[in-house]
file data.cif (mmCIF, C-alpha atoms)
data_query
#
loop_
_atom_site.group_PDB
_atom_site.id
_atom_site.type_symbol
_atom_site.label_atom_id
_atom_site.label_comp_id
_atom_site.auth_asym_id
_atom_site.auth_seq_id
_atom_site.Cartn_x
_atom_site.Cartn_y
_atom_site.Cartn_z
ATOM 1 C CA MET A 155 105.930 -8.546 49.281
ATOM 2 C CA LYS A 156 104.805 -6.693 46.180
ATOM 3 C CA ILE A 157 106.613 -6.430 42.847
ATOM 4 C CA VAL A 158 104.935 -4.446 40.066
ATOM 5 C CA LEU A 159 106.419 -4.732 36.563
ATOM 6 C CA GLN A 160 105.615 -2.714 33.462
ATOM 7 C CA VAL A 161 106.189 -4.775 30.310
ATOM 8 C CA THR A 162 106.404 -2.830 27.029
ATOM 9 C CA ASN A 163 106.587 -4.325 23.543
ATOM 10 C CA THR A 164 108.938 -1.991 21.672
ATOM 11 C CA LYS A 165 107.494 -3.038 18.286
ATOM 12 C CA ASP A 166 103.800 -2.259 18.763
ATOM 13 C CA LYS A 167 104.245 -0.011 21.883
ATOM 14 C CA SER A 168 101.697 -2.056 23.842
ATOM 15 C CA THR A 169 102.144 -1.997 27.635
ATOM 16 C CA GLN A 170 101.002 -4.366 30.361
ATOM 17 C CA GLU A 171 101.312 -4.021 34.150
ATOM 18 C CA LEU A 172 101.841 -7.205 36.176
ATOM 19 C CA THR A 173 101.798 -7.574 39.971
ATOM 20 C CA PHE A 174 103.478 -10.421 41.896
ATOM 21 C CA ASN A 175 103.808 -11.339 45.569
ATOM 22 C CA ARG A 176 106.630 -13.860 45.268
ATOM 23 C CA SER A 177 110.257 -14.307 44.205
ATOM 24 C CA PRO A 178 112.022 -15.426 42.058
ATOM 25 C CA LEU A 179 110.240 -14.492 38.824
ATOM 26 C CA LEU A 180 111.022 -16.273 35.579
ATOM 27 C CA PHE A 181 110.983 -14.634 32.112
ATOM 28 C CA GLY A 182 111.036 -16.396 28.733
ATOM 29 C CA ARG A 183 109.163 -18.027 25.893
ATOM 30 C CA SER A 184 107.813 -21.021 27.830
ATOM 31 C CA ARG A 185 104.390 -21.157 29.496
ATOM 32 C CA ILE A 186 106.181 -22.156 32.699
ATOM 33 C CA CYS A 187 107.534 -18.626 33.079
ATOM 34 C CA ASP A 188 105.909 -16.067 35.381
ATOM 35 C CA VAL A 189 106.145 -13.614 32.490
ATOM 36 C CA ALA A 190 105.721 -15.605 29.260
ATOM 37 C CA LEU A 191 106.787 -13.441 26.302
ATOM 38 C CA SER A 192 105.957 -14.258 22.692
ATOM 39 C CA ASP A 193 109.259 -13.545 20.952
ATOM 40 C CA PRO A 194 111.191 -16.167 18.906
ATOM 41 C CA VAL A 195 114.584 -14.692 19.868
ATOM 42 C CA LEU A 196 113.979 -15.466 23.562
ATOM 43 C CA SER A 197 115.023 -18.734 25.195
ATOM 44 C CA ARG A 198 112.386 -20.924 26.843
ATOM 45 C CA GLN A 199 113.730 -19.767 30.232
ATOM 46 C CA HIS A 200 115.596 -16.577 29.449
ATOM 47 C CA CYS A 201 116.286 -14.722 32.727
ATOM 48 C CA SER A 202 115.117 -14.416 36.336
ATOM 49 C CA LEU A 203 114.473 -11.633 38.840
ATOM 50 C CA GLU A 204 114.997 -12.446 42.511
ATOM 51 C CA VAL A 205 115.057 -10.641 45.863
ATOM 52 C CA ARG A 206 118.650 -10.495 47.080
ATOM 53 C CA GLU A 207 119.043 -7.386 49.247
ATOM 54 C CA LYS A 208 116.697 -5.048 51.071
ATOM 55 C CA ASN A 209 114.662 -3.157 48.448
ATOM 56 C CA ARG A 210 116.835 -4.560 45.631
ATOM 57 C CA LEU A 211 116.382 -7.276 43.035
ATOM 58 C CA GLN A 212 118.974 -9.430 41.267
ATOM 59 C CA LEU A 213 118.583 -9.871 37.510
ATOM 60 C CA THR A 214 120.244 -13.073 36.250
ATOM 61 C CA ASP A 215 120.648 -14.210 32.643
ATOM 62 C CA LEU A 216 119.972 -17.974 32.406
ATOM 63 C CA GLU A 217 122.597 -18.639 29.710
ATOM 64 C CA SER A 218 120.194 -17.372 27.056
ATOM 65 C CA ALA A 219 121.185 -17.458 23.383
ATOM 66 C CA ASN A 220 120.526 -13.768 22.690
ATOM 67 C CA GLY A 221 121.257 -12.194 26.055
ATOM 68 C CA THR A 222 119.713 -9.956 28.717
ATOM 69 C CA PHE A 223 120.509 -6.220 28.615
ATOM 70 C CA PHE A 224 120.694 -3.542 31.310
ATOM 71 C CA GLY A 225 121.728 0.033 30.537
ATOM 72 C CA GLY A 226 122.567 -0.989 26.962
ATOM 73 C CA GLN A 227 125.059 -3.641 28.117
ATOM 74 C CA ARG A 228 124.701 -7.415 28.011
ATOM 75 C CA ILE A 229 124.825 -8.756 31.559
ATOM 76 C CA ASN A 230 125.089 -12.048 33.430
ATOM 77 C CA VAL A 231 124.093 -10.735 36.891
ATOM 78 C CA GLN A 232 122.873 -7.244 37.781
ATOM 79 C CA LEU A 233 121.369 -5.666 40.937
ATOM 80 C CA MET A 234 118.288 -3.518 40.230
ATOM 81 C CA ASN A 235 116.328 -0.844 42.093
ATOM 82 C CA GLU A 236 112.762 0.410 41.797
ATOM 83 C CA GLY A 237 112.324 2.463 38.614
ATOM 84 C CA GLN A 238 115.052 0.714 36.608
ATOM 85 C CA THR A 239 114.521 -1.184 33.326
ATOM 86 C CA PHE A 240 116.054 -4.194 31.590
ATOM 87 C CA LYS A 241 115.557 -5.504 28.046
ATOM 88 C CA VAL A 242 115.036 -8.984 26.570
ATOM 89 C CA GLY A 243 114.281 -9.361 22.860
ATOM 90 C CA ASP A 244 111.648 -6.818 21.852
ATOM 91 C CA PHE A 245 110.497 -6.185 25.431
ATOM 92 C CA ASP A 246 111.455 -3.485 27.933
ATOM 93 C CA ILE A 247 110.650 -4.516 31.516
ATOM 94 C CA LYS A 248 110.564 -1.816 34.196
ATOM 95 C CA VAL A 249 110.425 -2.371 37.965
ATOM 96 C CA GLU A 250 107.511 0.003 38.527
ATOM 97 C CA GLU A 251 107.034 -0.657 42.259
ATOM 98 C CA LEU A 252 109.010 -2.650 44.819
ATOM 99 C CA ASP A 253 107.785 -3.378 48.352
ATOM 100 C CA LEU A 254 109.627 -6.259 50.012
ATOM 101 C CA ALA A 255 107.785 -6.200 53.347
ATOM 102 C CA GLU A 256 106.765 -9.748 54.288
ATOM 103 C CA ASP A 257 103.045 -10.555 54.388
ATOM 104 C CA GLU A 258 101.581 -12.186 57.522
ATOM 105 C CA GLU A 259 99.960 -14.938 55.503
ATOM 106 C CA PRO A 260 101.719 -15.212 52.127
ATOM 107 C CA THR A 261 99.658 -17.024 49.525
ATOM 108 C CA ILE A 262 100.657 -18.069 46.037
ATOM 109 C CA GLU A 263 98.405 -16.504 43.434
ATOM 110 C CA PRO A 264 99.019 -17.975 39.960
ATOM 111 C CA GLN A 265 100.009 -15.265 37.466
ATOM 112 C CA ILE A 266 101.429 -17.316 34.652
ATOM 113 C CA MET A 267 98.334 -18.762 33.040
ATOM 114 C CA PRO A 268 97.007 -17.122 29.840
ATOM 115 C CA PRO A 269 93.929 -14.895 30.194
ATOM 116 C CA LYS A 270 90.569 -16.657 30.054
ATOM 117 C CA ARG A 271 89.060 -16.702 26.600
ATOM 118 C CA GLU A 272 85.443 -17.306 25.674
ATOM 119 C CA ALA A 273 84.457 -20.577 27.296
ATOM 120 C CA THR A 274 84.299 -23.610 25.020
ATOM 121 C CA ALA A 275 81.698 -26.337 25.450
ATOM 122 C CA ALA A 276 84.264 -28.505 27.265
ATOM 123 C CA ALA A 277 85.256 -25.677 29.581
ATOM 124 C CA ALA A 278 81.673 -24.693 30.299
ATOM 125 C CA ALA A 279 80.900 -28.229 31.416
ATOM 126 C CA THR A 280 83.612 -28.092 34.091
ATOM 127 C CA MET A 281 83.110 -24.594 35.491
ATOM 128 C CA ILE A 282 80.602 -23.695 38.206
ATOM 129 C CA LYS A 283 79.013 -20.278 37.788
ATOM 130 C CA PRO A 284 77.202 -18.802 40.782
ATOM 131 C CA SER A 285 73.732 -17.580 39.828
ATOM 132 C CA SER A 286 72.449 -14.133 40.726
ATOM 133 C CA ALA A 287 68.823 -14.880 39.760
ATOM 134 C CA PRO A 288 66.220 -14.595 42.564
ATOM 135 C CA ILE A 289 65.062 -17.865 44.101
ATOM 136 C CA ALA A 290 61.362 -18.597 43.612
ATOM 137 C CA GLU A 291 59.240 -19.391 46.628
ATOM 138 C CA GLY A 292 59.457 -23.069 47.539
ATOM 139 C CA GLU A 293 62.695 -23.686 45.620
ATOM 140 C CA VAL A 294 65.990 -24.642 47.240
ATOM 141 C CA ASP A 295 68.860 -22.177 46.795
ATOM 142 C CA LEU A 296 71.829 -24.215 45.510
ATOM 143 C CA THR A 297 73.944 -21.156 44.672
ATOM 144 C CA LEU A 298 77.553 -21.721 45.730
ATOM 145 C CA LYS A 299 78.208 -20.050 49.076
ATOM 146 C CA THR A 300 81.133 -20.125 51.456
ATOM 147 C CA PRO A 301 80.523 -22.696 54.227
ATOM 148 C CA LEU A 302 80.205 -21.024 57.617
ATOM 149 C CA ALA A 303 82.986 -23.203 59.044
ATOM 150 C CA LEU A 304 85.497 -21.635 56.659
ATOM 151 C CA LYS A 305 84.474 -18.106 57.666
ATOM 152 C CA LYS A 306 85.238 -18.649 61.336
ATOM 153 C CA LYS A 307 88.723 -17.944 62.570
ATOM 154 C CA GLN A 308 90.474 -21.233 63.233
ATOM 155 C CA PRO A 309 91.985 -21.437 66.742
ATOM 156 C CA MET A 310 94.824 -23.731 65.691
ATOM 157 C CA GLU A 311 97.770 -22.497 63.665
ATOM 158 C CA LEU A 312 97.800 -25.801 61.770
ATOM 159 C CA TYR A 313 94.551 -25.006 59.943
ATOM 160 C CA LYS A 314 95.285 -21.435 58.893
ATOM 161 C CA THR A 315 96.506 -22.454 55.440
ATOM 162 C CA LYS A 316 96.146 -25.473 53.197
ATOM 163 C CA ASP A 317 98.807 -26.506 50.683
ATOM 164 C CA TRP A 318 97.563 -27.908 47.389
ATOM 165 C CA VAL A 319 98.966 -28.805 44.002
ATOM 166 C CA GLN A 320 97.059 -27.046 41.224
ATOM 167 C CA VAL A 321 96.919 -28.865 37.870
ATOM 168 C CA SER A 322 95.710 -26.971 34.793
ATOM 169 C CA LEU A 323 94.790 -28.560 31.452
ATOM 170 C CA LEU A 324 95.578 -26.657 28.262
ATOM 171 C CA TRP A 325 94.341 -27.852 24.871
ATOM 172 C CA LYS A 326 96.156 -26.325 21.900
ATOM 173 C CA GLY A 327 97.304 -23.472 24.129
ATOM 174 C CA GLU A 328 93.896 -22.644 25.625
ATOM 175 C CA LEU A 329 93.101 -23.105 29.314
ATOM 176 C CA VAL A 330 90.308 -25.712 29.553
ATOM 177 C CA ASP A 331 90.138 -26.973 33.138
ATOM 178 C CA ILE A 332 91.750 -26.613 36.579
ATOM 179 C CA HIS A 333 91.696 -28.996 39.548
ATOM 180 C CA CYS A 334 93.404 -29.133 42.929
ATOM 181 C CA PHE A 335 95.084 -32.190 44.459
ATOM 182 C CA ASP A 336 96.734 -33.263 47.707
ATOM 183 C CA ARG A 337 100.177 -34.807 47.907
ATOM 184 C CA GLY A 338 99.791 -38.526 47.249
ATOM 185 C CA ASP A 339 96.837 -38.154 44.858
ATOM 186 C CA VAL A 340 96.814 -39.752 41.402
ATOM 187 C CA VAL A 341 95.724 -37.622 38.421
ATOM 188 C CA THR A 342 93.757 -39.468 35.732
ATOM 189 C CA ILE A 343 93.082 -38.373 32.154
ATOM 190 C CA GLY A 344 91.086 -39.940 29.315
ATOM 191 C CA SER A 345 87.722 -40.039 27.580
ATOM 192 C CA ALA A 346 85.830 -42.021 30.243
ATOM 193 C CA PRO A 347 83.526 -40.182 32.685
ATOM 194 C CA GLY A 348 85.006 -39.939 36.145
ATOM 195 C CA ASN A 349 88.510 -38.948 35.062
ATOM 196 C CA ASP A 350 90.009 -35.826 36.622
ATOM 197 C CA PHE A 351 90.493 -34.405 33.121
ATOM 198 C CA LEU A 352 88.284 -35.429 30.187
ATOM 199 C CA ILE A 353 90.525 -35.561 27.136
ATOM 200 C CA ALA A 354 90.178 -37.625 23.953
ATOM 201 C CA VAL A 355 93.565 -38.934 22.789
ATOM 202 C CA PRO A 356 93.099 -42.083 20.629
ATOM 203 C CA GLN A 357 96.447 -43.623 21.626
ATOM 204 C CA LEU A 358 95.680 -43.460 25.363
ATOM 205 C CA PRO A 359 93.290 -45.757 27.271
ATOM 206 C CA ALA A 360 89.893 -44.413 28.344
ATOM 207 C CA THR A 361 91.247 -44.014 31.889
ATOM 208 C CA PHE A 362 94.971 -43.330 32.130
ATOM 209 C CA ARG A 363 96.680 -42.842 35.504
ATOM 210 C CA PHE A 364 99.041 -40.135 34.289
ATOM 211 C CA LEU A 365 100.545 -38.513 37.395
ATOM 212 C CA LYS A 366 101.111 -39.200 41.058
ATOM 213 C CA ILE A 367 101.680 -36.095 43.211
ATOM 214 C CA LEU A 368 104.606 -36.640 45.619
ATOM 215 C CA PRO A 369 106.041 -34.365 48.352
ATOM 216 C CA THR A 370 109.035 -33.273 46.232
ATOM 217 C CA GLY A 371 107.842 -33.874 42.681
ATOM 218 C CA LEU A 372 105.852 -36.132 40.351
ATOM 219 C CA GLU A 373 105.735 -39.731 39.173
ATOM 220 C CA VAL A 374 104.923 -39.476 35.439
ATOM 221 C CA ASN A 375 103.431 -42.489 33.650
ATOM 222 C CA LEU A 376 105.295 -42.749 30.327
ATOM 223 C CA HIS A 377 102.853 -44.324 27.883
ATOM 224 C CA ALA A 378 104.667 -45.688 24.813
ATOM 225 C CA SER A 379 102.683 -43.460 22.411
ATOM 226 C CA MET A 380 103.445 -40.198 24.218
ATOM 227 C CA LYS A 381 105.934 -37.771 22.659
ATOM 228 C CA GLY A 382 106.810 -34.452 24.262
ATOM 229 C CA VAL A 383 108.792 -32.663 26.962
ATOM 230 C CA ILE A 384 108.691 -32.024 30.695
ATOM 231 C CA GLU A 385 109.934 -28.634 31.860
ATOM 232 C CA THR A 386 110.768 -27.418 35.370
ATOM 233 C CA ARG A 387 112.601 -24.313 36.567
ATOM 234 C CA LYS A 388 115.857 -26.264 36.356
ATOM 235 C CA GLU A 389 115.692 -28.110 33.048
ATOM 236 C CA VAL A 390 113.781 -29.312 29.990
ATOM 237 C CA ARG A 391 113.757 -33.081 29.403
ATOM 238 C CA ASP A 392 112.407 -35.139 26.525
ATOM 239 C CA LEU A 393 110.020 -37.984 27.384
ATOM 240 C CA ASP A 394 112.197 -40.437 25.427
ATOM 241 C CA GLU A 395 115.132 -39.419 27.621
ATOM 242 C CA LEU A 396 113.083 -40.092 30.771
ATOM 243 C CA ARG A 397 112.121 -43.572 29.525
ATOM 244 C CA LYS A 398 115.777 -44.600 29.916
ATOM 245 C CA VAL A 399 115.482 -44.178 33.707
ATOM 246 C CA ALA A 400 111.838 -45.303 34.048
ATOM 247 C CA ARG A 401 110.803 -48.006 36.529
ATOM 248 C CA GLN A 402 107.700 -49.971 37.421
ATOM 249 C CA SER A 403 105.441 -48.276 40.002
ATOM 250 C CA ASP A 404 101.859 -48.587 41.241
ATOM 251 C CA ILE A 405 100.558 -46.476 38.325
ATOM 252 C CA GLY A 406 102.694 -47.982 35.512
ATOM 253 C CA ILE A 407 106.124 -47.422 33.965
ATOM 254 C CA THR A 408 107.074 -44.084 35.482
ATOM 255 C CA ALA A 409 109.920 -41.603 35.906
ATOM 256 C CA PHE A 410 110.324 -39.261 38.862
ATOM 257 C CA VAL A 411 110.478 -35.525 38.076
ATOM 258 C CA GLU A 412 111.602 -33.225 40.884
ATOM 259 C CA PHE A 413 110.235 -29.684 40.995
ATOM 260 C CA ASP A 414 110.049 -26.890 43.553
ATOM 261 C CA ASP A 415 106.940 -24.925 42.635
ATOM 262 C CA ARG A 416 106.000 -25.593 39.006
ATOM 263 C CA CYS A 417 106.228 -28.084 36.175
ATOM 264 C CA LEU A 418 104.947 -28.122 32.577
ATOM 265 C CA ILE A 419 104.234 -31.334 30.640
ATOM 266 C CA GLU A 420 103.611 -30.862 26.906
ATOM 267 C CA VAL A 421 102.333 -33.882 24.960
ATOM 268 C CA GLY A 422 101.031 -33.284 21.432
ATOM 269 C CA PRO A 423 97.949 -31.018 21.487
ATOM 270 C CA PHE A 424 97.578 -30.932 25.275
ATOM 271 C CA ALA A 425 99.658 -29.746 28.201
ATOM 272 C CA LEU A 426 99.390 -30.044 31.974
ATOM 273 C CA TYR A 427 100.709 -27.195 34.100
ATOM 274 C CA ILE A 428 101.411 -28.186 37.721
ATOM 275 C CA GLN A 429 101.946 -25.550 40.412
ATOM 276 C CA SER A 430 102.122 -25.478 44.181
ATOM 277 C CA ALA A 431 99.358 -23.288 45.648
ATOM 278 C CA ARG A 432 98.254 -22.234 49.115
ATOM 279 C CA LEU A 433 94.690 -21.526 50.288
ATOM 280 C CA ASN A 434 94.265 -19.269 53.311
ATOM 281 C CA LEU A 435 91.519 -20.825 55.459
ATOM 282 C CA SER A 436 91.704 -18.293 58.307
ATOM 283 C CA ALA A 437 90.150 -15.476 56.253
ATOM 284 C CA PRO A 438 86.619 -15.323 54.755
ATOM 285 C CA ILE A 439 86.482 -16.586 51.191
ATOM 286 C CA THR A 440 85.665 -13.690 48.871
ATOM 287 C CA ALA A 441 83.663 -13.667 45.662
ATOM 288 C CA PRO A 442 86.643 -13.783 43.256
ATOM 289 C CA LEU A 443 87.903 -16.957 44.931
ATOM 290 C CA VAL A 444 84.482 -18.583 44.801
ATOM 291 C CA LYS A 445 84.255 -17.894 41.074
ATOM 292 C CA ASP A 446 87.629 -19.590 40.501
ATOM 293 C CA PRO A 447 86.988 -23.192 39.305
ATOM 294 C CA LEU A 448 90.034 -24.314 41.333
ATOM 295 C CA TYR A 449 88.277 -23.817 44.665
ATOM 296 C CA SER A 450 84.642 -23.595 43.623
ATOM 297 C CA SER A 451 84.649 -27.269 42.650
ATOM 298 C CA ILE A 452 85.852 -28.222 46.132
ATOM 299 C CA LEU A 453 83.417 -26.001 48.015
ATOM 300 C CA SER A 454 80.440 -26.795 45.791
ATOM 301 C CA VAL A 455 80.670 -30.550 46.375
ATOM 302 C CA VAL A 456 80.604 -30.039 50.148
ATOM 303 C CA PHE A 457 77.819 -27.459 50.102
ATOM 304 C CA VAL A 458 75.552 -29.212 47.603
ATOM 305 C CA ALA A 459 75.912 -32.523 49.473
ATOM 306 C CA MET A 460 74.953 -30.856 52.762
ATOM 307 C CA THR A 461 72.009 -29.064 51.124
ATOM 308 C CA LEU A 462 70.644 -32.209 49.477
ATOM 309 C CA LEU A 463 70.949 -34.122 52.744
ATOM 310 C CA THR A 464 68.980 -31.400 54.550
ATOM 311 C CA VAL A 465 66.246 -31.442 51.876
ATOM 312 C CA MET A 466 65.976 -35.236 52.038
ATOM 313 C CA LEU A 467 65.664 -35.205 55.818
ATOM 314 C CA GLN A 468 62.959 -32.526 55.691
ATOM 315 C CA SER A 469 60.991 -34.467 53.073
ATOM 316 C CA VAL A 470 60.780 -37.683 55.157
ATOM 317 C CA PRO A 471 57.117 -38.029 56.252
ATOM 318 C CA GLN A 472 56.570 -37.965 59.991
ATOM 319 C CA PRO A 473 54.605 -40.892 61.529
ATOM 320 C CA PRO A 474 51.040 -39.879 62.501
ATOM 321 C CA GLU A 475 50.420 -39.352 66.160
ATOM 322 C CA GLU A 476 48.270 -42.002 67.845
ATOM 323 C CA GLU A 477 44.773 -40.877 68.664
ATOM 324 C CA LYS A 478 44.218 -40.480 72.338
ATOM 325 C CA LYS A 479 41.692 -42.863 73.799
ATOM 326 C CA GLU A 480 38.793 -41.148 75.441
#

call {"tool": "encode", "arguments": {"input": "data.cif", "output": "C-alpha cells"}}
result
Amino acid sequence: MKIVLQVTNTKDKSTQELTFNRSPLLFGRSRICDVALSDPVLSRQHCSLEVREKNRLQLTDLESANGTFFGGQRINVQLMNEGQTFKVGDFDIKVEELDLAEDEEPTIEPQIMPPKREATAAAAATMIKPSSAPIAEGEVDLTLKTPLALKKKQPMELYKTKDWVQVSLLWKGELVDIHCFDRGDVVTIGSAPGNDFLIAVPQLPATFRFLKILPTGLEVNLHASMKGVIETRKEVRDLDELRKVARQSDIGITAFVEFDDRCLIEVGPFALYIQSARLNLSAPITAPLVKDPLYSSILSVVFVAMTLLTVMLQSVPQPPEEEKKE
C-alpha cells in the first residue's frame, strides 16, 4: 500500500509531500495525527482518510468545528480518487498517488513525529551514532553493526516480524528520546539514572513507574501532582476525569486507557507518544534503521556485550606449557 499526499499551505504557498503505507490517516491540530497541521481553526482530530474501495479513499469529517471541504462543499463523508483534493482550514490536501496493493511484509513506519532538530545535550546523551573513522591497528571496532543472526533468513514464520510499542519523549514540543518496549513492560521516568526516560520534574519521585504496556492499551499511573490530557484516536480525556475511575495496581493508582495503534499523554512541559510498531527481522537491517535510536539502542547492547566478552576471553593469559623432561 502506498498513499502519497501533497499538502499545501494556501497562505504562504509552501508545499510538502508525505508518503504513507497504512490506513486510516488522521488529520488535525494534535501531535497524535498522521498529518499534524498548525492551524488554530482546526480541531485536534479534524478528519480522516481511509481505504474503503479498490483504488478509492473515504474522507470523513470527525465532527470538526469548522468543517472539511471537498469541491467547495462542506462534507461529512466523501469518496475520493487519485488526483483529487480536499481542504481543511488553510491547507489544501491532494491525493497525489494511490497504490492499494498489499505488501508482503507490511511494517509500520512512524510518520507523525516532528522532524529532528539540532540535538540537545540530553538528546545527544541518548543517541548512538555509528562512527565512520578508520580503526587504528590494535584497537577494537565497536561501531554498531547488524548482528549476523538478524541478516539470515529465518526458517520459521513466527520470527519474521517483531511487534513492539514505541514510546517517544517530547520536551516542550521537541523530540528528545525514543525507546521500544514489549507488551507487559513498565516504563519509568524521573531524574535517577537507570530510568527509561531521564526527566526532571520536581513534583515526581526520582523513579516513577509511569506506564505499563498491556496487550490492548496502557495502565497509567496517576500521580496526584500531574495535570494534563490523554488522547487516543477515539477520544481526549483529562487526567482528573480518569482519577474518578482509577484503581490500585502493581505500579500505583492507575487508570486503563485502551488504544489501537497510538496514544498521546501530555503533562505540563513533557509528553509521551506511544505507538505500535513492527520490525521486520527476515530482511537485512539497512543503514537508516541502524541510525534510528529506536532500534540502534537494542542492537548496540547485544553487539557491544558480545564484543566485550570476546575481548575479555582473548585477554585471559594461557597457562605455560610444562617443560618436557629429557

call {"tool": "atom_distance", "arguments": {"input": "data.cif", "atom1": "atom CA of Val161 of chain A", "atom2": "atom CA of Arg391 of chain A"}}
result
29.3 Å

call {"tool": "atom_distance", "arguments": {"input": "data.cif", "atom1": "atom CA of Gln232 of chain A", "atom2": "atom CA of Glu389 of chain A"}}
result
22.6 Å

call {"tool": "atom_distance", "arguments": {"input": "data.cif", "atom1": "atom CA of Ala255 of chain A", "atom2": "atom CA of Arg210 of chain A"}}
result
12.0 Å

call {"tool": "resolve_selection", "arguments": {"input": "data.cif", "expression": "the PyMOL selection byres ((chain A and resi 357) around 12)", "output": "MDAnalysis selection string"}}
result
chainID A and resid 344:345 353:356 358:362 377:381 421:422

call {"tool": "residues_around", "arguments": {"input": "data.cif", "residues": "Ile367 of chain A", "least_positions_apart": "3", "cutoff": "10 Å", "atoms": "only C-alpha atoms", "output": "list in words"}}
result
Val319, Phe335, Asp336, Arg337, Gly338, Asp339, Val340, Val341, Thr370, Gly371, Leu372, Glu373, Val374 and Ile428 of chain A

call {"tool": "closest_residue", "arguments": {"input": "data.cif", "among": "A:Ser430, A:Thr173, A:Ser168, A:Asn209", "to": "Val189 of chain A", "atoms": "all atoms listed in the file"}}
result
A:Thr173

call {"tool": "closest_residue", "arguments": {"input": "data.cif", "among": "A:Ala425, A:Ala346, A:Val411, A:Leu376", "to": "Asp394 of chain A", "atoms": "only C-alpha atoms"}}
result
A:Leu376

call {"tool": "resolve_selection", "arguments": {"input": "data.cif", "expression": "the PyMOL selection byres ((chain A and resi 184) around 10)", "output": "list in words"}}
result
Leu180, Phe181, Gly182, Arg183, Arg185, Ile186, Cys187, Asp188, Val189, Ala190, Leu191, Ser192, Leu196, Ser197, Arg198, Gln199, His200, Glu385 and Leu418 of chain A

call {"tool": "write_last_selection", "arguments": {"input": "data.cif", "atoms": "C-alpha atoms", "output": "PDB file, keeping the file's coordinate frame"}}
result
ATOM      1  CA  LEU A 180     111.022 -16.273  35.579  1.00  0.00           C
ATOM      2  CA  PHE A 181     110.983 -14.634  32.112  1.00  0.00           C
ATOM      3  CA  GLY A 182     111.036 -16.396  28.733  1.00  0.00           C
ATOM      4  CA  ARG A 183     109.163 -18.027  25.893  1.00  0.00           C
ATOM      5  CA  ARG A 185     104.390 -21.157  29.496  1.00  0.00           C
ATOM      6  CA  ILE A 186     106.181 -22.156  32.699  1.00  0.00           C
ATOM      7  CA  CYS A 187     107.534 -18.626  33.079  1.00  0.00           C
ATOM      8  CA  ASP A 188     105.909 -16.067  35.381  1.00  0.00           C
ATOM      9  CA  VAL A 189     106.145 -13.614  32.490  1.00  0.00           C
ATOM     10  CA  ALA A 190     105.721 -15.605  29.260  1.00  0.00           C
ATOM     11  CA  LEU A 191     106.787 -13.441  26.302  1.00  0.00           C
ATOM     12  CA  SER A 192     105.957 -14.258  22.692  1.00  0.00           C
ATOM     13  CA  LEU A 196     113.979 -15.466  23.562  1.00  0.00           C
ATOM     14  CA  SER A 197     115.023 -18.734  25.195  1.00  0.00           C
ATOM     15  CA  ARG A 198     112.386 -20.924  26.843  1.00  0.00           C
ATOM     16  CA  GLN A 199     113.730 -19.767  30.232  1.00  0.00           C
ATOM     17  CA  HIS A 200     115.596 -16.577  29.449  1.00  0.00           C
ATOM     18  CA  GLU A 385     109.934 -28.634  31.860  1.00  0.00           C
ATOM     19  CA  LEU A 418     104.947 -28.122  32.577  1.00  0.00           C
TER      20      LEU A 418
END

call {"tool": "residues_around", "arguments": {"input": "data.cif", "residues": "Phe174 of chain A", "least_positions_apart": "3", "cutoff": "7 Å", "atoms": "only C-alpha atoms", "output": "list in words"}}
result
Lys156, Ile157 and Val158 of chain A

call {"tool": "closest_residue", "arguments": {"input": "data.cif", "among": "A:Leu211, A:Ile405, A:Cys417, A:Leu352", "to": "Leu252 of chain A", "atoms": "all atoms listed in the file"}}
result
A:Leu211
